[in-house]
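Participant: Below is the file my_file.cif, which contains mmCIF, C-alpha atoms and all ligand atoms.
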data_work
loop_
_atom_site.group_PDB
_atom_site.id
_atom_site.type_symbol
_atom_site.label_atom_id
_atom_site.label_comp_id
_atom_site.auth_asym_id
_atom_site.auth_seq_id
_atom_site.Cartn_x
_atom_site.Cartn_y
_atom_site.Cartn_z
ATOM 1 C CA MET A 1 101.710 118.944 59.637
ATOM 2 C CA SER A 2 99.791 117.940 56.511
ATOM 3 C CA ALA A 3 102.510 119.263 54.241
ATOM 4 C CA GLY A 4 104.262 116.699 52.103
ATOM 5 C CA PRO A 5 102.778 113.478 50.770
ATOM 6 C CA PHE A 6 99.343 112.479 51.973
ATOM 7 C CA SER A 7 98.707 109.178 53.700
ATOM 8 C CA VAL A 8 94.987 109.482 53.186
ATOM 9 C CA GLN A 9 93.044 111.540 50.706
ATOM 10 C CA LEU A 10 89.234 111.452 50.428
ATOM 11 C CA ARG A 11 87.470 113.498 47.789
ATOM 12 C CA ASN A 12 83.710 114.019 47.763
ATOM 13 C CA VAL A 13 83.100 110.677 49.429
ATOM 14 C CA THR A 14 79.490 109.652 49.887
ATOM 15 C CA LYS A 15 78.447 106.398 51.528
ATOM 16 C CA ARG A 16 74.859 105.312 51.998
ATOM 17 C CA PHE A 17 73.279 102.500 53.938
ATOM 18 C CA GLY A 18 69.884 102.143 52.294
ATOM 19 C CA ALA A 19 68.182 105.509 52.574
ATOM 20 C CA SER A 20 70.600 106.977 55.114
ATOM 21 C CA THR A 21 73.650 108.933 53.993
ATOM 22 C CA VAL A 22 76.427 108.082 56.418
ATOM 23 C CA LEU A 23 79.351 109.871 54.735
ATOM 24 C CA ASN A 24 78.139 113.000 53.020
ATOM 25 C CA ASP A 25 80.390 114.491 50.345
ATOM 26 C CA LEU A 26 83.333 114.143 52.718
ATOM 27 C CA ASN A 27 86.725 115.672 51.961
ATOM 28 C CA LEU A 28 89.695 114.811 54.156
ATOM 29 C CA GLU A 29 93.461 114.810 53.737
ATOM 30 C CA VAL A 30 95.795 113.340 56.314
ATOM 31 C CA GLY A 31 99.506 114.024 56.018
ATOM 32 C CA GLN A 32 102.186 111.390 56.318
ATOM 33 C CA GLY A 33 103.014 111.006 60.010
ATOM 34 C CA GLU A 34 100.117 113.169 61.081
ATOM 35 C CA LYS A 35 98.233 112.290 64.276
ATOM 36 C CA LEU A 36 94.570 113.061 63.634
ATOM 37 C CA VAL A 37 91.866 112.728 66.270
ATOM 38 C CA VAL A 38 88.239 112.475 65.152
ATOM 39 C CA ILE A 39 85.479 113.292 67.604
ATOM 40 C CA GLY A 40 81.745 113.547 67.163
ATOM 41 C CA PRO A 41 78.365 112.215 68.245
ATOM 42 C CA SER A 42 77.340 108.589 68.033
ATOM 43 C CA GLY A 43 76.027 107.662 64.587
ATOM 44 C CA SER A 44 77.859 110.486 62.797
ATOM 45 C CA GLY A 45 79.866 108.100 60.578
ATOM 46 C CA LYS A 46 83.224 107.950 62.369
ATOM 47 C CA SER A 47 83.502 104.154 62.367
ATOM 48 C CA THR A 48 82.317 104.006 58.778
ATOM 49 C CA LEU A 49 85.116 106.377 57.772
ATOM 50 C CA LEU A 50 87.733 104.135 59.425
ATOM 51 C CA ARG A 51 86.143 100.997 57.978
ATOM 52 C CA VAL A 52 86.354 102.493 54.479
ATOM 53 C CA LEU A 53 90.081 103.186 55.009
ATOM 54 C CA MET A 54 90.535 99.608 56.268
ATOM 55 C CA THR A 55 88.786 98.409 53.060
ATOM 56 C CA LEU A 56 86.033 96.801 55.149
ATOM 57 C CA GLU A 57 83.357 99.026 53.654
ATOM 58 C CA GLY A 58 82.702 100.376 50.179
ATOM 59 C CA ILE A 59 81.590 103.840 49.090
ATOM 60 C CA ASP A 60 79.048 105.086 46.552
ATOM 61 C CA ARG A 61 80.597 108.290 45.282
ATOM 62 C CA GLY A 62 83.969 110.018 45.291
ATOM 63 C CA SER A 63 87.562 108.809 45.523
ATOM 64 C CA VAL A 64 89.898 107.502 48.215
ATOM 65 C CA SER A 65 93.685 107.277 48.037
ATOM 66 C CA ILE A 66 95.942 105.648 50.581
ATOM 67 C CA CYS A 67 99.685 106.357 50.485
ATOM 68 C CA GLY A 68 99.264 107.653 46.945
ATOM 69 C CA ARG A 69 97.394 104.599 45.643
ATOM 70 C CA GLU A 70 93.797 104.896 44.502
ATOM 71 C CA LEU A 71 91.540 102.544 46.458
ATOM 72 C CA TRP A 72 88.432 104.142 44.973
ATOM 73 C CA SER A 73 88.395 106.273 41.866
ATOM 74 C CA CYS A 74 85.399 108.005 40.384
ATOM 75 C CA ASP A 75 84.201 108.546 36.841
ATOM 76 C CA SER A 76 82.911 111.817 35.408
ATOM 77 C CA THR A 77 79.498 111.268 37.032
ATOM 78 C CA GLY A 78 81.127 110.865 40.468
ATOM 79 C CA ALA A 79 80.256 107.172 40.823
ATOM 80 C CA ALA A 80 82.960 105.335 42.757
ATOM 81 C CA ARG A 81 84.846 102.333 41.416
ATOM 82 C CA GLN A 82 87.030 100.118 43.538
ATOM 83 C CA ALA A 83 90.587 99.140 42.619
ATOM 84 C CA SER A 84 91.223 95.517 41.619
ATOM 85 C CA ALA A 85 91.240 92.855 44.336
ATOM 86 C CA ARG A 86 95.011 92.611 44.016
ATOM 87 C CA GLN A 87 95.553 96.369 44.272
ATOM 88 C CA THR A 88 93.119 96.479 47.208
ATOM 89 C CA ARG A 89 95.179 93.865 49.066
ATOM 90 C CA THR A 90 98.333 95.885 48.466
ATOM 91 C CA ILE A 91 96.670 99.046 49.745
ATOM 92 C CA ARG A 92 95.253 97.249 52.798
ATOM 93 C CA SER A 93 98.737 96.130 53.817
ATOM 94 C CA ASP A 94 99.578 99.764 54.638
ATOM 95 C CA VAL A 95 96.704 100.060 57.124
ATOM 96 C CA GLY A 96 96.114 98.582 60.574
ATOM 97 C CA MET A 97 93.078 98.958 62.791
ATOM 98 C CA VAL A 98 92.256 98.450 66.447
ATOM 99 C CA PHE A 99 88.579 98.113 67.339
ATOM 100 C CA GLN A 100 86.457 98.912 70.372
ATOM 101 C CA SER A 101 85.828 95.205 70.936
ATOM 102 C CA PHE A 102 89.279 93.658 71.076
ATOM 103 C CA ASN A 103 88.554 91.015 68.408
ATOM 104 C CA LEU A 104 91.413 88.718 69.407
ATOM 105 C CA PHE A 105 91.377 85.125 68.199
ATOM 106 C CA PRO A 106 90.110 83.315 71.331
ATOM 107 C CA HIS A 107 91.799 80.010 70.470
ATOM 108 C CA LEU A 108 95.255 81.604 70.090
ATOM 109 C CA THR A 109 97.629 82.792 72.821
ATOM 110 C CA ALA A 110 98.686 86.427 73.041
ATOM 111 C CA LEU A 111 101.898 85.640 71.168
ATOM 112 C CA GLU A 112 100.091 83.582 68.519
ATOM 113 C CA ASN A 113 97.595 86.402 68.019
ATOM 114 C CA VAL A 114 100.503 88.731 67.248
ATOM 115 C CA THR A 115 102.487 86.318 65.035
ATOM 116 C CA GLU A 116 99.540 84.969 63.022
ATOM 117 C CA GLY A 117 99.446 87.860 60.521
ATOM 118 C CA PRO A 118 103.210 88.081 59.917
ATOM 119 C CA ILE A 119 103.424 84.308 59.356
ATOM 120 C CA ARG A 120 100.294 83.851 57.260
ATOM 121 C CA VAL A 121 100.085 87.139 55.360
ATOM 122 C CA LEU A 122 103.657 88.467 55.302
ATOM 123 C CA LYS A 123 105.092 84.911 54.972
ATOM 124 C CA MET A 124 107.607 85.704 57.701
ATOM 125 C CA PRO A 125 109.603 82.704 58.965
ATOM 126 C CA LYS A 126 108.101 81.507 62.258
ATOM 127 C CA GLU A 127 111.246 82.125 64.289
ATOM 128 C CA LYS A 128 111.457 85.714 63.107
ATOM 129 C CA ALA A 129 107.737 86.287 63.742
ATOM 130 C CA VAL A 130 108.071 84.928 67.281
ATOM 131 C CA SER A 131 110.954 87.251 68.102
ATOM 132 C CA LEU A 132 109.048 90.205 66.593
ATOM 133 C CA GLY A 133 105.921 89.174 68.541
ATOM 134 C CA LYS A 134 107.821 88.952 71.821
ATOM 135 C CA GLU A 135 109.433 92.336 71.216
ATOM 136 C CA LEU A 136 106.034 93.943 70.500
ATOM 137 C CA LEU A 137 104.424 92.312 73.559
ATOM 138 C CA ARG A 138 107.325 93.634 75.606
ATOM 139 C CA ARG A 139 106.681 97.126 74.246
ATOM 140 C CA VAL A 140 103.044 96.973 75.341
ATOM 141 C CA GLY A 141 104.121 95.694 78.770
ATOM 142 C CA LEU A 142 102.963 92.097 78.312
ATOM 143 C CA GLU A 143 106.181 90.129 77.986
ATOM 144 C CA ASP A 144 104.989 87.890 80.836
ATOM 145 C CA ARG A 145 101.633 87.158 79.133
ATOM 146 C CA CYS A 146 102.881 85.637 75.850
ATOM 147 C CA ASP A 147 101.305 82.244 76.561
ATOM 148 C CA TYR A 148 97.993 83.520 77.933
ATOM 149 C CA TYR A 149 94.737 83.036 76.066
ATOM 150 C CA PRO A 150 92.509 86.126 75.706
ATOM 151 C CA ALA A 151 89.914 84.774 78.164
ATOM 152 C CA ARG A 152 92.541 84.857 80.923
ATOM 153 C CA MET A 153 93.507 88.483 80.311
ATOM 154 C CA SER A 154 91.856 91.734 81.396
ATOM 155 C CA GLY A 155 90.226 93.986 78.790
ATOM 156 C CA GLY A 156 93.167 96.374 78.999
ATOM 157 C CA GLN A 157 95.629 93.552 78.420
ATOM 158 C CA GLN A 158 93.591 92.196 75.513
ATOM 159 C CA GLN A 159 93.470 95.625 73.920
ATOM 160 C CA ARG A 160 97.245 95.976 74.287
ATOM 161 C CA VAL A 161 97.655 92.616 72.540
ATOM 162 C CA ALA A 162 95.360 93.910 69.780
ATOM 163 C CA ILE A 163 97.611 96.957 69.359
ATOM 164 C CA ALA A 164 100.729 94.759 69.226
ATOM 165 C CA ARG A 165 98.961 92.565 66.653
ATOM 166 C CA ALA A 166 98.200 95.570 64.455
ATOM 167 C CA MET A 167 101.779 96.857 64.737
ATOM 168 C CA ALA A 168 103.185 93.444 63.801
ATOM 169 C CA MET A 169 101.949 94.032 60.252
ATOM 170 C CA ARG A 170 104.146 97.146 60.007
ATOM 171 C CA PRO A 171 101.328 99.493 58.947
ATOM 172 C CA LYS A 172 102.044 102.999 57.704
ATOM 173 C CA ILE A 173 98.621 104.099 58.944
ATOM 174 C CA LEU A 174 97.093 102.973 62.225
ATOM 175 C CA LEU A 175 93.385 103.444 62.928
ATOM 176 C CA PHE A 176 91.944 103.398 66.460
ATOM 177 C CA ASP A 177 88.170 103.194 66.833
ATOM 178 C CA GLU A 178 87.111 104.073 70.395
ATOM 179 C CA VAL A 179 89.590 101.529 71.691
ATOM 180 C CA THR A 180 89.051 102.431 75.347
ATOM 181 C CA SER A 181 85.246 102.688 75.305
ATOM 182 C CA ALA A 182 84.629 99.082 76.340
ATOM 183 C CA LEU A 183 87.171 99.174 79.175
ATOM 184 C CA ASP A 184 86.656 99.579 82.895
ATOM 185 C CA PRO A 185 87.840 103.095 83.792
ATOM 186 C CA GLU A 186 90.873 101.859 85.721
ATOM 187 C CA LEU A 187 92.157 100.055 82.593
ATOM 188 C CA VAL A 188 91.916 103.017 80.212
ATOM 189 C CA GLY A 189 95.237 104.562 81.254
ATOM 190 C CA GLU A 190 97.371 101.529 80.425
ATOM 191 C CA VAL A 191 95.975 101.397 76.878
ATOM 192 C CA LEU A 192 96.353 105.140 76.309
ATOM 193 C CA ALA A 193 99.956 104.894 77.554
ATOM 194 C CA VAL A 194 100.695 102.353 74.813
ATOM 195 C CA ILE A 195 99.098 104.556 72.157
ATOM 196 C CA ARG A 196 100.986 107.597 73.464
ATOM 197 C CA GLU A 197 104.239 105.682 73.041
ATOM 198 C CA LEU A 198 103.313 104.739 69.453
ATOM 199 C CA THR A 199 102.550 108.341 68.544
ATOM 200 C CA HIS A 200 106.224 109.121 69.103
ATOM 201 C CA GLN A 201 106.913 107.294 65.838
ATOM 202 C CA LYS A 202 107.220 110.267 63.514
ATOM 203 C CA GLU A 203 106.533 108.422 60.282
ATOM 204 C CA LEU A 204 103.453 106.553 61.565
ATOM 205 C CA THR A 205 100.149 108.124 60.553
ATOM 206 C CA VAL A 206 97.464 107.775 63.225
ATOM 207 C CA ILE A 207 93.739 108.381 62.911
ATOM 208 C CA MET A 208 92.024 107.971 66.241
ATOM 209 C CA VAL A 209 88.332 108.159 67.064
ATOM 210 C CA THR A 210 87.992 108.777 70.780
ATOM 211 C CA HIS A 211 85.950 110.407 73.516
ATOM 212 C CA GLN A 212 89.094 110.941 75.603
ATOM 213 C CA MET A 213 89.345 114.697 75.107
ATOM 214 C CA SER A 214 92.382 115.334 77.296
ATOM 215 C CA PHE A 215 94.263 112.582 75.471
ATOM 216 C CA ALA A 216 93.173 114.042 72.125
ATOM 217 C CA ARG A 217 94.506 117.415 73.174
ATOM 218 C CA GLU A 218 97.793 115.840 74.194
ATOM 219 C CA ILE A 219 98.616 113.701 71.142
ATOM 220 C CA ALA A 220 96.744 115.257 68.222
ATOM 221 C CA ASP A 221 98.327 117.433 65.560
ATOM 222 C CA ARG A 222 94.772 118.169 64.432
ATOM 223 C CA VAL A 223 91.283 117.485 65.745
ATOM 224 C CA CYS A 224 88.243 117.018 63.477
ATOM 225 C CA PHE A 225 84.665 117.304 64.642
ATOM 226 C CA PHE A 226 82.453 114.982 62.665
ATOM 227 C CA ASP A 227 78.688 115.322 62.371
ATOM 228 C CA HIS A 228 76.217 113.853 59.896
ATOM 229 C CA GLY A 229 78.959 112.313 57.790
ATOM 230 C CA ARG A 230 81.124 115.356 57.278
ATOM 231 C CA ILE A 231 83.721 117.460 59.029
ATOM 232 C CA VAL A 232 82.020 120.400 60.655
ATOM 233 C CA GLU A 233 85.128 121.909 62.172
ATOM 234 C CA GLU A 234 88.812 121.125 62.479
ATOM 235 C CA GLY A 235 91.857 122.704 63.991
ATOM 236 C CA GLU A 236 94.990 122.468 66.029
ATOM 237 C CA PRO A 237 93.959 121.040 69.426
ATOM 238 C CA TYR A 238 94.587 124.029 71.656
ATOM 239 C CA GLN A 239 92.605 126.374 69.448
ATOM 240 C CA PHE A 240 89.965 123.726 68.699
ATOM 241 C CA PHE A 241 89.169 123.049 72.352
ATOM 242 C CA SER A 242 89.574 126.576 73.672
ATOM 243 C CA GLN A 243 87.807 128.466 70.894
ATOM 244 C CA PRO A 244 85.503 126.146 68.931
ATOM 245 C CA LYS A 245 83.847 128.149 66.173
ATOM 246 C CA SER A 246 80.688 126.300 65.262
ATOM 247 C CA ALA A 247 77.685 126.100 67.569
ATOM 248 C CA ARG A 248 77.465 122.334 67.016
ATOM 249 C CA THR A 249 81.079 121.816 68.129
ATOM 250 C CA GLN A 250 80.502 124.018 71.164
ATOM 251 C CA ALA A 251 77.395 122.053 72.138
ATOM 252 C CA PHE A 252 79.176 118.722 71.662
ATOM 253 C CA LEU A 253 82.204 119.739 73.711
ATOM 254 C CA LYS A 254 79.943 121.043 76.457
ATOM 255 C CA SER A 255 78.183 117.665 76.577
ATOM 256 C CA VAL A 256 81.389 115.634 76.908
ATOM 257 C CA LEU A 257 83.790 117.822 78.881
HETATM 258 P P1 LIG B 1 79.763 106.373 64.646
HETATM 259 O O1 LIG B 1 80.959 105.492 64.622
HETATM 260 O O2 LIG B 1 80.078 107.827 64.467
HETATM 261 O O3 LIG B 1 78.911 106.154 65.856
HETATM 262 P P2 LIG B 1 78.883 104.734 62.431
HETATM 263 O O4 LIG B 1 79.828 104.982 61.323
HETATM 264 O O5 LIG B 1 79.043 103.472 63.197
HETATM 265 O O6 LIG B 1 78.845 105.998 63.391
HETATM 266 O O7 LIG B 1 77.409 104.711 61.871
HETATM 267 C C1 LIG B 1 76.857 105.805 61.139
HETATM 268 C C2 LIG B 1 75.435 105.438 60.730
HETATM 269 O O8 LIG B 1 75.470 104.352 59.805
HETATM 270 C C3 LIG B 1 74.557 104.995 61.880
HETATM 271 O O9 LIG B 1 73.283 105.537 61.680
HETATM 272 C C4 LIG B 1 74.552 103.497 61.741
HETATM 273 O O10 LIG B 1 73.337 102.976 62.234
HETATM 274 C C5 LIG B 1 74.658 103.298 60.256
HETATM 275 N N1 LIG B 1 75.339 102.036 59.898
HETATM 276 C C6 LIG B 1 76.605 101.705 60.209
HETATM 277 N N2 LIG B 1 76.919 100.495 59.710
HETATM 278 C C7 LIG B 1 75.821 100.048 59.069
HETATM 279 C C8 LIG B 1 75.496 98.867 58.333
HETATM 280 N N3 LIG B 1 76.406 97.900 58.140
HETATM 281 N N4 LIG B 1 74.259 98.761 57.801
HETATM 282 C C9 LIG B 1 73.350 99.749 57.969
HETATM 283 N N5 LIG B 1 73.574 100.879 58.643
HETATM 284 C C10 LIG B 1 74.797 101.042 59.186
HETATM 285 MG MG MG B 2 81.708 104.183 66.018
#
Show me the file's structure as structure tokens.

Facilitator:
Amino acid sequence: MSAGPFSVQLRNVTKRFGASTVLNDLNLEVGQGEKLVVIGPSGSGKSTLLRVLMTLEGIDRGSVSICGRELWSCDSTGAARQASARQTRTIRSDVGMVFQSFNLFPHLTALENVTEGPIRVLKMPKEKAVSLGKELLRRVGLEDRCDYYPARMSGGQQQRVAIARAMAMRPKILLFDEVTSALDPELVGEVLAVIRELTHQKELTVIMVTHQMSFAREIADRVCFFDHGRIVEEGEPYQFFSQPKSARTQAFLKSVL
């Protein structure tokens, strides 16, 4: 699946917060259209990895390319240097992210949350953005909630609006960071159903951090086990879950399954 052009390419990426090394000489390549699931213990650097790809976080060493463009390059000593602000904005426009906490604008309706980015950032005419927004809300099963404010919606509905909002920016890469972890159990299924539908888009690259192992097995082309800021083990889901090689992966899977 990772044949062909890469959507994401990290080389020897190190990221520190003070004295703690959160990404540790990390190498990762994600193919165009690949559906990658990242699992691993809390504090292992999964969110930091996604935040780097979303350009919300910098790195100290190594290089990062997104859709063939260098977001971070490194000199001969390995020190990382960020692309220009302009280039960074261009790169960011290829990436969308959905967070654990829904992060909707509370003062905007569901529809306005979805149309805000297209109108303000993509300079889409309002009429066109509204019809796109309605179509996306229909796809996530919320056509009857267009005029609702986030406070009047359930967590599952808010998260589906957040997914529609991310899709409205037409990303080539979509990042999901534990998007069902804050939801009541009975609302998890409706959000996973929306993500499952999105994964049918062949050209869309998806990187998903999740604890939903059966869902990972179902949608992933490849599963990575992350620990201490690097990939300890990776593989095709069936083989990964049925015959994990490393002792750390085995222990982790035993604790969550
Ligand atoms: P995960 O998503 O796998 O739980 P994170 O990427 O959120 O892990 O965090 C990895 C480590 O980096 C944790 O020890 C966390 O406390 C630390 N960390 C994350 N963000 C910051 C920050 N902004 N400042 C300092 N430490 C941070
Ligand atoms: Mg996290």

Participant: List the residues sitting within 9 Å of (77.3, 107.9, 52.6) in the file's frame, using all atoms listed in the file, as a list in words.

Facilitator: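 All residues meeting the 9 Å criterion around (77.3, 107.9, 52.6) are Val13, Thr14, Lys15, Arg16, Phe17, Ser20, Thr21, Val22, Leu23, Asn24, Asp25, Leu26, Gly45, Thr48, Ile59, Asp60, Arg61 and Gly229 of chain A.
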
Participant: Just checking: using all atoms listed in the file, which residue out of A:Val121, A:Leu137, A:Val161, A:Val179 ends up closest to ligand MG 2 (chain B)?

Facilitator: A:Val179

Participant: Under the rule that all atoms listed in the file are counted, which of A:Tyr148, A:Phe176, A:Phe105, A:Tyr238 is the nearest residue to ligand MG 2 (chain B)?

Facilitator: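 Using all atoms listed in the file, the shortest distance to ligand MG 2 (chain B) belongs to A:Phe176.
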
Participant: Nearest to Phe6 of chain A among A:Arg139, A:His107, A:Arg217, A:Arg69, with distances taken over only C-alpha atoms: which residue is it?

Facilitator: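 Ranked by minimum distance to Phe6 of chain A, first place goes to A:Arg69.
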
Participant: Hey, what comes out of the PyMOL selection byres (((chain A and resi 187) around 12) and not hetatm) on this file? Could you write it as an mmCIF file with C-alpha atoms, keeping the file's coordinate frame?

Facilitator:
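Written out: result-v8.cif:
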data_model
loop_
_atom_site.group_PDB
_atom_site.id
_atom_site.type_symbol
_atom_site.label_atom_id
_atom_site.label_comp_id
_atom_site.auth_asym_id
_atom_site.auth_seq_id
_atom_site.Cartn_x
_atom_site.Cartn_y
_atom_site.Cartn_z
ATOM 1 C CA MET A 153 93.507 88.483 80.311
ATOM 2 C CA SER A 154 91.856 91.734 81.396
ATOM 3 C CA GLY A 155 90.226 93.986 78.790
ATOM 4 C CA GLY A 156 93.167 96.374 78.999
ATOM 5 C CA GLN A 157 95.629 93.552 78.420
ATOM 6 C CA GLN A 158 93.591 92.196 75.513
ATOM 7 C CA GLN A 159 93.470 95.625 73.920
ATOM 8 C CA ARG A 160 97.245 95.976 74.287
ATOM 9 C CA VAL A 179 89.590 101.529 71.691
ATOM 10 C CA THR A 180 89.051 102.431 75.347
ATOM 11 C CA SER A 181 85.246 102.688 75.305
ATOM 12 C CA ALA A 182 84.629 99.082 76.340
ATOM 13 C CA LEU A 183 87.171 99.174 79.175
ATOM 14 C CA ASP A 184 86.656 99.579 82.895
ATOM 15 C CA PRO A 185 87.840 103.095 83.792
ATOM 16 C CA GLU A 186 90.873 101.859 85.721
ATOM 17 C CA VAL A 188 91.916 103.017 80.212
ATOM 18 C CA GLY A 189 95.237 104.562 81.254
ATOM 19 C CA GLU A 190 97.371 101.529 80.425
ATOM 20 C CA VAL A 191 95.975 101.397 76.878
ATOM 21 C CA LEU A 192 96.353 105.140 76.309
ATOM 22 C CA ALA A 193 99.956 104.894 77.554
ATOM 23 C CA VAL A 194 100.695 102.353 74.813
#

Participant: Please write as number ranges by chain the full residue list that the PyMOL selection byres (((chain A and resi 50-58) around 9) and not hetatm) yields on this file.

Facilitator: A: 8, 15, 45-49, 59-60, 64-66, 71-72, 80, 82, 88-89, 91-92, 95-97, 175-177, 207-209

Participant: Would you work out the distance separating atom CA of Asn103 of chain A from atom CA of Thr90 of chain A, expressed in Å to one decimal?

Facilitator: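 Separation between atom CA of Asn103 of chain A and atom CA of Thr90 of chain A: 22.7 Å.
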
Participant: Do you know which residues are at most 8 Å from Phe225 of chain A counting all atoms listed in the file, after dropping those on the same chain fewer than 4 positions away, and could you put them as a short mmCIF file (atom, residue, chain, number, x, y, z; two decimals) with C-alpha atoms, in the coordinates of the input?

Facilitator:
data_model
loop_
_atom_site.label_atom_id
_atom_site.label_comp_id
_atom_site.auth_asym_id
_atom_site.auth_seq_id
_atom_site.Cartn_x
_atom_site.Cartn_y
_atom_site.Cartn_z
CA VAL A 38 88.24 112.48 65.15
CA ILE A 39 85.48 113.29 67.60
CA GLY A 40 81.74 113.55 67.16
CA ILE A 231 83.72 117.46 59.03
CA VAL A 232 82.02 120.40 60.66
CA GLU A 233 85.13 121.91 62.17
CA GLU A 234 88.81 121.12 62.48
CA THR A 249 81.08 121.82 68.13
#

Participant: For ligand MG 2 (chain B), which of A:Ile195, A:Glu143, A:Asp94, A:Thr210 is the closest residue, counting all atoms listed in the file?

Facilitator: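 Using all atoms listed in the file, the shortest distance to ligand MG 2 (chain B) belongs to A:Thr210.
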
Participant: Rank nothing, just name the residue among A:Cys67, A:Ala129, A:Ala83, A:Leu136 nearest to Lys172 of chain A, using all atoms listed in the file.

Facilitator: A:Cys67

Participant: Taking all atoms of ligand LIG 1 (chain B) that appear in the file, build a box with edges along x, y and z, extend it by 6 Å on every side, and state its centre and edge lengths in Å to one decimal, as AutoDock Vina command-line options.

Facilitator:
--center_x 77.1 --center_y 102.9 --center_z 61.8 --size_x 19.7 --size_y 21.9 --size_z 20.1

Participant: Since I can't run it myself right now, could you work out what the PyMOL selection byres (((chain A and resi 164) around 10) and not hetatm) selects here and report it as a list in words?

Facilitator: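 Taken over the shown coordinates, the PyMOL selection byres (((chain A and resi 164) around 10) and not hetatm) returns Val98, Ala110, Leu111, Asn113, Val114, Thr115, Leu132, Gly133, Lys134, Glu135, Leu136, Leu137, Arg138, Arg139, Val140, Leu142, Gln158, Gln159, Arg160, Val161, Ala162, Ile163, Arg165, Ala166, Met167, Ala168, Met169 and Val194 of chain A.
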
Participant: What is the distance between atom CA of Val223 of chain A and atom CA of Phe240 of chain A, in Å to one decimal?

Facilitator: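 Atom CA of Phe240 of chain A lies 7.0 Å from atom CA of Val223 of chain A.
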
Participant: For atom CA of Glu34 of chain A and atom CA of Arg81 of chain A, quote the distance in Å rounded to one decimal.

Facilitator: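 Atom CA of Arg81 of chain A lies at a distance of 27.2 Å from atom CA of Glu34 of chain A.
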
Participant: Which of these residues is nearest to ligand LIG 1 (chain B), using only C-alpha atoms and all ligand atoms: A:Ala220, A:Ser84, A:Phe226, A:Ser214?

Facilitator: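 Counting only C-alpha atoms and all ligand atoms, the residue closest to ligand LIG 1 (chain B) is A:Phe226.
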
Participant: Model the absent atoms of segment 168-180 of chain A so that N, CA and C atoms are present, and write the result as an mmCIF file, in the coordinates of the input.

Facilitator:
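In the end it all went to part34.cif:
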data_model
loop_
_atom_site.group_PDB
_atom_site.id
_atom_site.type_symbol
_atom_site.label_atom_id
_atom_site.label_comp_id
_atom_site.auth_asym_id
_atom_site.auth_seq_id
_atom_site.Cartn_x
_atom_site.Cartn_y
_atom_site.Cartn_z
ATOM 1 N N ALA A 168 102.370 94.529 64.356
ATOM 2 C CA ALA A 168 103.185 93.444 63.801
ATOM 3 C C ALA A 168 103.133 93.420 62.279
ATOM 4 N N MET A 169 102.090 93.999 61.705
ATOM 5 C CA MET A 169 101.949 94.032 60.252
ATOM 6 C C MET A 169 102.653 95.245 59.641
ATOM 7 N N ARG A 170 103.377 95.984 60.470
ATOM 8 C CA ARG A 170 104.146 97.146 60.007
ATOM 9 C C ARG A 170 103.305 98.124 59.182
ATOM 10 N N PRO A 171 102.166 98.568 59.718
ATOM 11 C CA PRO A 171 101.328 99.493 58.947
ATOM 12 C C PRO A 171 101.955 100.889 58.870
ATOM 13 N N LYS A 172 101.630 101.592 57.796
ATOM 14 C CA LYS A 172 102.044 102.999 57.704
ATOM 15 C C LYS A 172 100.983 103.889 58.342
ATOM 16 N N ILE A 173 99.753 103.356 58.389
ATOM 17 C CA ILE A 173 98.621 104.099 58.944
ATOM 18 C C ILE A 173 97.953 103.208 59.982
ATOM 19 N N LEU A 174 97.741 103.756 61.179
ATOM 20 C CA LEU A 174 97.093 102.973 62.225
ATOM 21 C C LEU A 174 95.799 103.676 62.635
ATOM 22 N N LEU A 175 94.707 102.908 62.626
ATOM 23 C CA LEU A 175 93.385 103.444 62.928
ATOM 24 C C LEU A 175 92.925 102.911 64.282
ATOM 25 N N PHE A 176 92.462 103.802 65.144
ATOM 26 C CA PHE A 176 91.944 103.398 66.460
ATOM 27 C C PHE A 176 90.484 103.826 66.555
ATOM 28 N N ASP A 177 89.588 102.856 66.749
ATOM 29 C CA ASP A 177 88.170 103.194 66.833
ATOM 30 C C ASP A 177 87.640 103.016 68.256
ATOM 31 N N GLU A 178 87.618 104.087 69.011
ATOM 32 C CA GLU A 178 87.111 104.073 70.395
ATOM 33 C C GLU A 178 87.661 102.892 71.178
ATOM 34 N N VAL A 179 88.976 102.747 71.152
ATOM 35 C CA VAL A 179 89.590 101.529 71.691
ATOM 36 C C VAL A 179 89.532 101.436 73.211
ATOM 37 N N THR A 180 89.151 102.520 73.890
ATOM 38 C CA THR A 180 89.051 102.431 75.347
ATOM 39 C C THR A 180 87.600 102.445 75.834
#
